[in-house]
$ cat query33.cif   # mmCIF, C-alpha atoms and all ligand atoms
data_protein
#
loop_
_atom_site.label_atom_id
_atom_site.label_comp_id
_atom_site.auth_asym_id
_atom_site.auth_seq_id
_atom_site.Cartn_x
_atom_site.Cartn_y
_atom_site.Cartn_z
CA MET U 828 127.84 311.27 150.78
CA GLN U 829 127.35 307.55 150.34
CA ILE U 830 124.04 305.86 149.59
CA LEU U 831 123.25 302.89 151.82
CA ASN U 832 121.96 300.58 149.12
CA GLY U 833 119.43 298.27 150.74
CA ASN U 834 118.59 296.59 147.44
CA GLU U 835 122.20 295.50 146.90
CA VAL U 836 122.84 294.36 150.46
CA ALA U 837 119.52 292.49 150.57
CA LYS U 838 120.41 290.73 147.32
CA GLN U 839 123.70 289.54 148.79
CA ILE U 840 122.14 288.33 152.04
CA LYS U 841 119.39 286.52 150.12
CA LEU U 842 122.05 284.60 148.18
CA GLU U 843 123.64 283.60 151.49
CA ILE U 844 120.25 282.47 152.85
CA LYS U 845 119.57 280.49 149.67
CA ALA U 846 122.91 278.68 149.99
CA GLU U 847 122.18 277.90 153.62
CA VAL U 848 118.74 276.50 152.78
CA GLU U 849 120.30 274.26 150.12
CA GLN U 850 122.75 272.99 152.72
CA LEU U 851 119.97 272.35 155.26
CA VAL U 852 117.91 270.43 152.71
CA ALA U 853 120.97 268.45 151.59
CA ASN U 854 121.41 267.46 155.25
CA GLY U 855 117.86 266.11 155.40
CA SER U 856 116.07 269.10 156.97
CA LYS U 857 112.77 270.41 155.66
CA LYS U 858 112.63 273.76 153.85
CA PRO U 859 111.77 276.74 156.07
CA HIS U 860 108.04 277.48 155.75
CA LEU U 861 106.59 280.94 156.41
CA ALA U 862 102.85 281.53 156.77
CA ALA U 863 101.35 285.00 156.38
CA ILE U 864 97.82 285.98 157.37
CA LEU U 865 96.31 288.88 155.46
CA VAL U 866 92.96 290.33 156.49
CA GLY U 867 91.02 292.64 154.18
CA ASN U 868 92.02 294.50 151.02
CA ASP U 869 94.46 297.20 152.10
CA GLY U 870 96.61 297.92 149.02
CA ALA U 871 99.90 298.41 150.85
CA SER U 872 99.41 295.29 153.00
CA MET U 873 98.60 293.19 149.92
CA THR U 874 101.77 294.47 148.21
CA TYR U 875 103.92 293.73 151.25
CA VAL U 876 102.58 290.20 151.72
CA ALA U 877 103.02 289.40 148.02
CA ALA U 878 106.61 290.68 148.21
CA LYS U 879 107.31 288.53 151.29
CA ALA U 880 105.97 285.43 149.50
CA LYS U 881 108.14 286.22 146.46
CA ASP U 882 111.21 286.59 148.70
CA CYS U 883 110.49 283.16 150.18
CA GLU U 884 110.40 281.63 146.74
CA GLN U 885 113.68 283.31 145.77
CA VAL U 886 115.57 281.85 148.74
CA GLY U 887 113.99 278.40 148.55
CA PHE U 888 111.49 278.69 151.43
CA ASP U 889 107.93 277.40 151.28
CA SER U 890 105.27 280.01 151.95
CA THR U 891 101.54 280.03 152.56
CA VAL U 892 99.38 283.14 152.40
CA LEU U 893 96.03 282.86 154.17
CA ARG U 894 93.60 285.58 153.14
CA PHE U 895 90.48 286.49 155.07
CA ASP U 896 87.71 288.96 154.50
CA ALA U 897 87.78 292.13 156.62
CA SER U 898 84.57 290.88 158.25
CA ILE U 899 86.34 287.93 159.95
CA THR U 900 85.64 287.98 163.70
CA GLU U 901 88.41 288.23 166.27
CA ALA U 902 87.54 284.76 167.58
CA GLU U 903 87.75 283.26 164.08
CA LEU U 904 91.11 284.91 163.45
CA LEU U 905 92.50 283.72 166.79
CA SER U 906 91.39 280.22 165.91
CA GLU U 907 93.26 280.44 162.56
CA VAL U 908 96.38 281.55 164.44
CA GLU U 909 96.02 278.58 166.79
CA LYS U 910 95.76 276.20 163.83
CA ILE U 911 99.10 277.45 162.52
CA ASN U 912 100.63 277.36 166.02
CA ASN U 913 99.79 273.66 166.05
CA ASN U 914 100.84 272.88 162.47
CA PRO U 915 104.32 271.29 162.57
CA GLU U 916 104.82 272.02 158.85
CA ILE U 917 104.91 275.78 159.47
CA ASP U 918 107.97 277.34 161.10
CA GLY U 919 107.08 281.02 161.19
CA LEU U 920 103.86 283.05 161.20
CA ILE U 921 103.20 286.71 160.57
CA VAL U 922 99.86 288.46 160.74
CA GLN U 923 100.12 291.52 158.52
CA LEU U 924 99.21 294.74 160.34
CA PRO U 925 97.14 296.85 160.52
CA LEU U 926 94.08 294.72 161.24
CA PRO U 927 90.47 295.95 160.97
CA LYS U 928 89.38 298.09 163.94
CA HIS U 929 87.14 295.40 165.49
CA ILE U 930 90.15 293.08 165.99
CA ASN U 931 92.50 293.60 168.92
CA GLU U 932 96.02 293.50 167.41
CA LYS U 933 97.61 292.97 170.81
CA LYS U 934 95.49 289.88 171.41
CA VAL U 935 96.41 288.46 167.99
CA THR U 936 100.11 289.18 168.44
CA GLU U 937 100.09 287.53 171.85
CA THR U 938 98.30 284.45 170.51
CA ILE U 939 101.07 283.64 168.02
CA LYS U 940 103.30 281.02 169.64
CA TRP U 941 106.51 282.91 170.47
CA GLN U 942 108.62 280.15 168.88
CA LYS U 943 106.92 280.93 165.53
CA ASP U 944 106.74 284.71 166.03
CA VAL U 945 109.16 285.67 163.24
CA ASP U 946 107.95 289.30 163.37
CA GLY U 947 109.34 289.47 166.91
CA PHE U 948 106.20 291.21 168.20
CA HIS U 949 105.31 288.76 171.02
CA PRO U 950 106.05 290.23 174.48
CA TYR U 951 108.31 287.26 175.26
CA ASN U 952 110.51 288.02 172.25
CA VAL U 953 110.41 291.74 173.08
CA GLY U 954 111.68 290.93 176.58
CA LEU U 955 114.52 288.78 175.22
CA MET U 956 115.48 291.58 172.81
CA PHE U 957 115.63 294.21 175.57
CA LYS U 958 117.87 291.90 177.58
CA GLY U 959 120.13 291.39 174.54
CA LEU U 960 119.36 287.64 174.49
CA PRO U 961 118.93 285.53 171.34
CA CYS U 962 115.43 286.03 169.90
CA TYR U 963 113.52 287.04 166.80
CA LEU U 964 114.27 290.73 166.28
CA PRO U 965 111.52 292.84 164.67
CA ALA U 966 112.29 292.79 160.95
CA THR U 967 112.81 296.51 160.28
CA PRO U 968 115.24 297.23 163.14
CA PHE U 969 116.98 293.91 162.40
CA GLY U 970 117.38 294.89 158.73
CA ILE U 971 118.72 298.33 159.68
CA ILE U 972 121.33 296.77 161.98
CA LYS U 973 122.39 294.46 159.15
CA LEU U 974 122.70 297.46 156.81
CA LEU U 975 124.83 299.44 159.29
CA GLU U 976 127.04 296.38 159.83
CA HIS U 977 127.45 295.82 156.11
CA TYR U 978 128.82 299.35 155.67
CA ASN U 979 130.99 299.05 158.83
CA ILE U 980 129.32 302.05 160.42
CA GLU U 981 130.74 302.67 163.88
CA THR U 982 128.08 302.76 166.60
CA THR U 983 130.07 302.66 169.86
CA GLY U 984 129.92 306.00 171.64
CA LYS U 985 127.81 307.60 168.89
CA ASN U 986 124.71 309.70 169.51
CA CYS U 987 121.75 307.93 167.95
CA VAL U 988 118.43 309.75 167.69
CA VAL U 989 115.36 307.71 166.79
CA ILE U 990 112.28 309.69 165.75
CA GLY U 991 109.17 307.64 166.49
CA ARG U 992 108.23 305.35 169.38
CA SER U 993 106.15 302.60 167.76
CA ASP U 994 106.31 299.03 169.01
CA ILE U 995 107.33 297.88 165.52
CA VAL U 996 110.22 300.28 164.84
CA GLY U 997 111.00 303.12 167.29
CA LYS U 998 111.13 301.21 170.58
CA PRO U 999 112.96 298.09 169.34
CA MET U 1000 115.34 300.19 167.22
CA SER U 1001 116.37 302.19 170.26
CA ALA U 1002 116.99 298.99 172.25
CA LEU U 1003 119.18 297.53 169.51
CA MET U 1004 121.23 300.73 169.14
CA LEU U 1005 121.69 300.77 172.91
CA ASN U 1006 122.95 297.17 172.70
CA LYS U 1007 125.41 298.47 170.08
CA ASN U 1008 126.79 301.01 172.58
CA CYS U 1009 125.11 304.14 171.20
CA THR U 1010 123.84 306.91 173.43
CA VAL U 1011 120.21 306.76 172.40
CA THR U 1012 117.50 309.43 172.41
CA ILE U 1013 113.93 308.74 171.34
CA CYS U 1014 111.99 311.72 169.97
CA HIS U 1015 108.25 311.65 169.27
CA SER U 1016 105.22 313.80 168.60
CA LYS U 1017 105.34 315.38 172.08
CA THR U 1018 109.07 316.21 171.97
CA VAL U 1019 109.68 319.94 172.41
CA VAL U 1020 112.22 321.54 169.99
CA ILE U 1021 113.04 318.31 168.16
CA ASN U 1022 115.84 320.00 166.15
CA SER U 1023 117.90 320.43 169.32
CA PHE U 1024 118.08 316.63 169.55
CA THR U 1025 118.34 315.68 165.88
CA GLN U 1026 121.17 318.17 165.25
CA LYS U 1027 123.33 316.23 167.74
CA ALA U 1028 122.68 312.85 166.08
CA ASP U 1029 125.60 310.99 164.56
CA ILE U 1030 123.01 308.40 163.51
CA LEU U 1031 119.49 309.66 162.83
CA ILE U 1032 116.70 307.13 162.31
CA ALA U 1033 113.38 308.54 161.12
CA ALA U 1034 110.28 306.42 161.62
CA VAL U 1035 107.43 308.92 161.83
CA GLY U 1036 105.38 308.22 158.71
CA ILE U 1037 105.26 311.89 157.65
CA PRO U 1038 106.61 312.43 154.12
CA ASN U 1039 109.73 314.66 153.97
CA TYR U 1040 109.56 315.40 157.71
CA VAL U 1041 113.34 315.52 158.27
CA LYS U 1042 114.79 318.69 156.73
CA ALA U 1043 118.45 319.49 156.07
CA GLU U 1044 118.64 321.96 158.96
CA MET U 1045 117.70 319.16 161.38
CA VAL U 1046 120.74 317.07 160.39
CA LYS U 1047 124.35 317.22 161.60
CA GLN U 1048 127.02 317.44 158.89
CA GLY U 1049 128.22 313.91 158.00
CA ALA U 1050 125.45 312.10 159.92
CA VAL U 1051 124.19 308.65 159.03
CA VAL U 1052 120.52 309.10 158.07
CA ILE U 1053 118.20 306.10 158.00
CA ASP U 1054 114.76 306.65 156.49
CA VAL U 1055 112.15 304.13 157.59
CA GLY U 1056 109.18 306.07 156.15
CA ILE U 1057 107.38 304.73 153.13
CA THR U 1058 104.17 306.69 152.56
CA ARG U 1059 102.08 306.37 149.42
CA VAL U 1060 101.54 309.86 148.01
CA ASP U 1061 99.08 310.28 145.12
CA ASP U 1062 100.56 311.38 141.81
CA SER U 1063 99.76 311.23 138.10
CA SER U 1064 101.81 308.08 137.38
CA GLU U 1065 100.27 304.87 136.06
CA LYS U 1066 100.22 303.41 139.60
CA GLY U 1067 98.52 306.54 140.90
CA TYR U 1068 101.02 307.04 143.75
CA LYS U 1069 104.70 307.29 144.57
CA LEU U 1070 106.55 306.15 147.69
CA VAL U 1071 107.91 308.99 149.80
CA GLY U 1072 110.18 308.65 152.84
CA ASP U 1073 110.28 310.60 156.09
CA VAL U 1074 113.45 312.37 154.95
CA ASP U 1075 113.68 315.24 152.46
CA PHE U 1076 116.24 313.25 150.50
CA GLU U 1077 117.17 315.93 147.97
CA ASN U 1078 118.33 318.42 150.60
CA VAL U 1079 119.36 316.09 153.44
CA SER U 1080 121.66 314.13 151.12
CA LYS U 1081 123.74 317.34 150.74
CA VAL U 1082 124.45 317.32 154.50
CA ALA U 1083 124.50 313.61 155.42
CA GLY U 1084 127.55 311.33 155.28
CA TYR U 1085 125.43 308.27 154.56
CA ILE U 1086 121.75 308.06 153.65
CA THR U 1087 119.18 305.40 152.72
CA PRO U 1088 117.00 306.07 149.67
CA VAL U 1089 113.24 305.42 149.49
CA PRO U 1090 112.51 303.05 147.89
CA GLY U 1091 115.55 300.75 147.93
CA GLY U 1092 116.91 301.46 151.41
CA VAL U 1093 115.24 300.09 154.53
CA GLY U 1094 112.34 298.30 152.74
CA PRO U 1095 114.37 295.44 151.20
CA MET U 1096 116.36 295.07 154.43
CA THR U 1097 113.12 294.64 156.40
CA ARG U 1098 112.17 291.78 154.11
CA VAL U 1099 115.58 290.20 154.65
CA GLY U 1100 115.08 290.49 158.42
CA LEU U 1101 111.96 288.38 158.13
CA LEU U 1102 113.76 285.76 156.03
CA LEU U 1103 116.62 285.56 158.55
CA ASN U 1104 114.11 285.04 161.37
CA THR U 1105 112.31 282.30 159.45
CA LEU U 1106 115.61 280.53 158.81
CA LEU U 1107 116.40 280.86 162.51
CA ALA U 1108 113.02 279.29 163.36
CA VAL U 1109 114.12 276.11 161.56
CA LYS U 1110 117.67 276.13 162.89
CA ALA U 1111 116.42 276.65 166.48
CA LYS U 1112 114.43 273.39 166.35
N1 LIG E 1 102.82 296.22 159.06
C1 LIG E 1 103.80 297.14 158.91
N2 LIG E 1 105.01 296.60 159.18
C2 LIG E 1 104.78 295.31 159.52
C3 LIG E 1 105.63 294.25 159.91
O1 LIG E 1 106.86 294.36 160.01
N3 LIG E 1 105.01 293.06 160.16
C4 LIG E 1 103.66 292.90 160.08
N4 LIG E 1 103.14 291.71 160.38
N5 LIG E 1 102.85 293.88 159.73
C5 LIG E 1 103.41 295.08 159.45
#

$ encode --input "query33.cif" --output "structure tokens" --more "lines below"
Ligand code: GUN
Amino acid sequence: MQILNGNEVAKQIKLEIKAEVEQLVANGSKKPHLAAILVGNDGASMTYVAAKAKDCEQVGFDSTVLRFDASITEAELLSEVEKINNNPEIDGLIVQLPLPKHINEKKVTETIKWQKDVDGFHPYNVGLMFKGLPCYLPATPFGIIKLLEHYNIETTGKNCVVIGRSDIVGKPMSALMLNKNCTVTICHSKTVVINSFTQKADILIAAVGIPNYVKAEMVKQGAVVIDVGITRVDDSSEKGYKLVGDVDFENVSKVAGYITPVPGGVGPMTRVGLLLNTLLAVKAK
């Protein structure tokens, strides 16, 4: 069994991005500039946005974090998005999800100018992705593809099972694996006898958000197991929680050929996906 080390691969790719930014700047271009909008005080969202800003600094990007109270109205938020759409200094914009219940996430996502939509959530980018055309790929599936490519994992003709059908991970992940010549199955909460599908997976991608959901008996011997889950589970540590994936790592790692750990697997690759998109936003100009 080999660990797919997202931390290591992300580190390498970040060095490549940094070198490319230095080259761009030396050639007279501006530095890539990512803006992130954060609404409210959700602990996980605050951690993610802070990590994204730190990544930007490490690779030589500019970043701006705009924070708003959870009471911001939908109209006010849409107007903030429009301001960034029209700001030539900013190349990419993400609005961290989830948003408070009174704000329509779909409306916000669709208001971001698709040319600055480095999360790849805008329907125009989603359409390009499904057609296999150049676009901003959603960061998590993009990062997973980069990780599979780094380890030279064969995809052509393989059975890929994706558990989860979210717009952010499950659906785009299945499209990208299809583009890489996998035979793709999407399982979800209404799937009957899920084991009968997962046991046939050469590549199993779990994105359900249920800690330790994937058990050893669900996994084919030698399979590539990608764990997208990252749930905060309360414990007695100083932080008060630990991060737990969707895969029962201890037991599944005895069956799998390759497996991503949590943390240190998909998480850092997701962040790299966002950096690659932001760099692309500048290069596409
Ligand atoms: N919330 C969970 N994942 C993501 C993501 O990839 N982008 C944004 N904007 N919000 C998220």

$ residues_near_point --input "query33.cif" --point "(115.2, 296.2, 153.8)" --cutoff "8 Å" --atoms "all atoms listed in the file" --output "number ranges by chain"
U: 833-834, 837, 967, 970-971, 1091-1100

$ residues_around --input "query33.cif" --residues "Val1046 of chain U" --least-positions-apart "4" --cutoff "7 Å" --atoms "all atoms listed in the file" --output "PyMOL selection string"
chain U and resi 1025-1026+1050+1082

$ atom_distance --input "query33.cif" --atom1 "atom CA of Lys879 of chain U" --atom2 "atom CA of Ala846 of chain U"
18.5 Å

$ closest_residue --input "query33.cif" --among "U:Trp941, U:Tyr1085, U:Tyr875, U:Phe888" --to "ligand LIG 1 (chain E)" --atoms "all atoms listed in the file"
U:Tyr875

$ residues_around --input "query33.cif" --residues "His929 of chain U" --least-positions-apart "5" --cutoff "12 Å" --atoms "only C-alpha atoms" --output "PyMOL selection string"
chain U and resi 866+897-902+904+934-935

$ residues_near_ligand --input "query33.cif" --ligand "ligand LIG 1 (chain E)" --cutoff "6 Å" --atoms "all atoms listed in the file" --output "PyMOL selection string"
chain U and resi 921-925+946+966

$ closest_residue --input "query33.cif" --among "U:Asp1054, U:Asp918, U:Asp1073, U:Glu909" --to "Tyr1040 of chain U" --atoms "only C-alpha atoms"
U:Asp1073

$ atom_distance --input "query33.cif" --atom1 "atom CA of Asn914 of chain U" --atom2 "atom CA of Thr874 of chain U"
25.9 Å

$ atom_distance --input "query33.cif" --atom1 "atom CA of Asp1062 of chain U" --atom2 "atom CA of Asp882 of chain U"
27.8 Å

$ residues_around --input "query33.cif" --residues "Lys858 of chain U" --least-positions-apart "6" --cutoff "12 Å" --atoms "only C-alpha atoms" --output "PyMOL selection string"
chain U and resi 844-845+847-852+883-884+886-890+916-919+1105-1110

$ write_last_selection --input "query33.cif" --atoms "C-alpha atoms" --output "CSV table (one decimal), keeping the file's coordinate frame"
chain,number,residue,atom,x,y,z
U,844,ILE,CA,120.2,282.5,152.8
U,845,LYS,CA,119.6,280.5,149.7
U,847,GLU,CA,122.2,277.9,153.6
U,848,VAL,CA,118.7,276.5,152.8
U,849,GLU,CA,120.3,274.3,150.1
U,850,GLN,CA,122.8,273.0,152.7
U,851,LEU,CA,120.0,272.4,155.3
U,852,VAL,CA,117.9,270.4,152.7
U,883,CYS,CA,110.5,283.2,150.2
U,884,GLU,CA,110.4,281.6,146.7
U,886,VAL,CA,115.6,281.8,148.7
U,887,GLY,CA,114.0,278.4,148.6
U,888,PHE,CA,111.5,278.7,151.4
U,889,ASP,CA,107.9,277.4,151.3
U,890,SER,CA,105.3,280.0,152.0
U,916,GLU,CA,104.8,272.0,158.8
U,917,ILE,CA,104.9,275.8,159.5
U,918,ASP,CA,108.0,277.3,161.1
U,919,GLY,CA,107.1,281.0,161.2
U,1105,THR,CA,112.3,282.3,159.4
U,1106,LEU,CA,115.6,280.5,158.8
U,1107,LEU,CA,116.4,280.9,162.5
U,1108,ALA,CA,113.0,279.3,163.4
U,1109,VAL,CA,114.1,276.1,161.6
U,1110,LYS,CA,117.7,276.1,162.9

$ residues_near_point --input "query33.cif" --point "(126.7, 304.4, 150.0)" --cutoff "10 Å" --atoms "only C-alpha atoms" --output "list in words"
Met828, Gln829, Ile830, Leu831, Asn832, Gly833, Tyr978, Gly1084, Tyr1085, Ile1086, Thr1087 and Pro1088 of chain U

$ residues_around --input "query33.cif" --residues "Pro950 of chain U" --least-positions-apart "3" --cutoff "9 Å" --atoms "only C-alpha atoms" --output "list in words"
Thr936, Glu937, Trp941, Gly947, Val953, Gly954 and Leu955 of chain U

$ residues_around --input "query33.cif" --residues "Ile995 of chain U" --least-positions-apart "2" --cutoff "8 Å" --atoms "only C-alpha atoms" --output "PyMOL selection string"
chain U and resi 948+965+967+993+997-999

$ write_last_selection --input "query33.cif" --atoms "C-alpha atoms" --output "compact mmCIF listing (two decimals), in the coordinates of the input"
# COMPACT_ATOMS: atom_id res chain seq x y z
CA PHE U 948 106.20 291.21 168.20
CA PRO U 965 111.52 292.84 164.67
CA THR U 967 112.81 296.51 160.28
CA SER U 993 106.15 302.60 167.76
CA GLY U 997 111.00 303.12 167.29
CA LYS U 998 111.13 301.21 170.58
CA PRO U 999 112.96 298.09 169.34

$ closest_residue --input "query33.cif" --among "U:Ala1083, U:Ile1030, U:Leu861, U:Cys1014" --to "Glu1044 of chain U" --atoms "all atoms listed in the file"
U:Ala1083

$ closest_residue --input "query33.cif" --among "U:Val1041, U:Ala1002, U:Ile840, U:Ala880" --to "Ala863 of chain U" --atoms "only C-alpha atoms"
U:Ala880

$ decode --input "query33.cif" --residues "segment 874-942 of chain U" --atoms "C-alpha atoms" --output "mmCIF file, in the first residue's frame"
data_model
loop_
_atom_site.group_PDB
_atom_site.id
_atom_site.type_symbol
_atom_site.label_atom_id
_atom_site.label_comp_id
_atom_site.auth_asym_id
_atom_site.auth_seq_id
_atom_site.Cartn_x
_atom_site.Cartn_y
_atom_site.Cartn_z
ATOM 1 C CA THR U 874 -9.678 28.287 8.635
ATOM 2 C CA TYR U 875 -9.996 27.489 4.930
ATOM 3 C CA VAL U 876 -9.948 31.126 3.830
ATOM 4 C CA ALA U 877 -6.937 31.892 6.044
ATOM 5 C CA ALA U 878 -5.131 28.880 4.550
ATOM 6 C CA LYS U 879 -5.922 30.039 0.999
ATOM 7 C CA ALA U 880 -4.540 33.518 1.760
ATOM 8 C CA LYS U 881 -1.381 31.966 3.223
ATOM 9 C CA ASP U 882 -0.948 29.813 0.103
ATOM 10 C CA CYS U 883 -1.187 32.954 -2.039
ATOM 11 C CA GLU U 884 1.562 34.592 -0.043
ATOM 12 C CA GLN U 885 3.786 31.507 -0.348
ATOM 13 C CA VAL U 886 3.607 31.459 -4.150
ATOM 14 C CA GLY U 887 3.905 35.223 -4.602
ATOM 15 C CA PHE U 888 0.241 36.062 -5.328
ATOM 16 C CA ASP U 889 -1.574 39.060 -3.888
ATOM 17 C CA SER U 890 -4.704 38.232 -1.933
ATOM 18 C CA THR U 891 -7.589 40.164 -0.427
ATOM 19 C CA VAL U 892 -10.018 38.717 2.097
ATOM 20 C CA LEU U 893 -13.308 40.587 2.406
ATOM 21 C CA ARG U 894 -15.210 39.687 5.561
ATOM 22 C CA PHE U 895 -18.872 40.424 6.120
ATOM 23 C CA ASP U 896 -21.210 39.879 9.010
ATOM 24 C CA ALA U 897 -23.689 36.994 8.688
ATOM 25 C CA SER U 898 -26.450 39.617 8.629
ATOM 26 C CA ILE U 899 -25.353 41.002 5.225
ATOM 27 C CA THR U 900 -28.303 40.997 2.807
ATOM 28 C CA GLU U 901 -28.243 39.084 -0.452
ATOM 29 C CA ALA U 902 -28.452 42.348 -2.410
ATOM 30 C CA GLU U 903 -25.478 43.808 -0.515
ATOM 31 C CA LEU U 904 -23.414 40.673 -1.123
ATOM 32 C CA LEU U 905 -24.270 40.638 -4.832
ATOM 33 C CA SER U 906 -23.183 44.252 -5.034
ATOM 34 C CA GLU U 907 -19.822 43.359 -3.412
ATOM 35 C CA VAL U 908 -19.371 40.596 -5.992
ATOM 36 C CA GLU U 909 -20.113 43.075 -8.788
ATOM 37 C CA LYS U 910 -17.495 45.475 -7.406
ATOM 38 C CA ILE U 911 -14.855 42.750 -7.661
ATOM 39 C CA ASN U 912 -16.108 41.701 -11.112
ATOM 40 C CA ASN U 913 -15.378 45.258 -12.218
ATOM 41 C CA ASN U 914 -12.056 45.668 -10.410
ATOM 42 C CA PRO U 915 -9.244 45.131 -12.949
ATOM 43 C CA GLU U 916 -6.717 44.578 -10.130
ATOM 44 C CA ILE U 917 -8.398 41.322 -9.101
ATOM 45 C CA ASP U 918 -7.988 38.229 -11.274
ATOM 46 C CA GLY U 919 -9.941 35.605 -9.362
ATOM 47 C CA LEU U 920 -12.802 35.618 -6.857
ATOM 48 C CA ILE U 921 -14.122 32.948 -4.542
ATOM 49 C CA VAL U 922 -17.076 33.249 -2.201
ATOM 50 C CA GLN U 923 -16.524 30.736 0.582
ATOM 51 C CA LEU U 924 -19.465 28.358 1.016
ATOM 52 C CA PRO U 925 -21.705 27.677 2.829
ATOM 53 C CA LEU U 926 -23.456 31.043 3.009
ATOM 54 C CA PRO U 927 -26.117 31.963 5.603
ATOM 55 C CA LYS U 928 -29.549 30.483 4.831
ATOM 56 C CA HIS U 929 -31.104 33.802 3.738
ATOM 57 C CA ILE U 930 -28.618 34.098 0.838
ATOM 58 C CA ASN U 931 -29.170 32.146 -2.369
ATOM 59 C CA GLU U 932 -25.803 30.480 -3.111
ATOM 60 C CA LYS U 933 -26.790 29.778 -6.706
ATOM 61 C CA LYS U 934 -27.503 33.462 -7.312
ATOM 62 C CA VAL U 935 -24.141 34.461 -5.824
ATOM 63 C CA THR U 936 -22.230 31.837 -7.797
ATOM 64 C CA GLU U 937 -23.906 32.930 -11.009
ATOM 65 C CA THR U 938 -23.126 36.597 -10.344
ATOM 66 C CA ILE U 939 -19.361 36.012 -10.256
ATOM 67 C CA LYS U 940 -18.015 36.877 -13.713
ATOM 68 C CA TRP U 941 -17.101 33.505 -15.230
ATOM 69 C CA GLN U 942 -13.673 34.833 -16.277
#
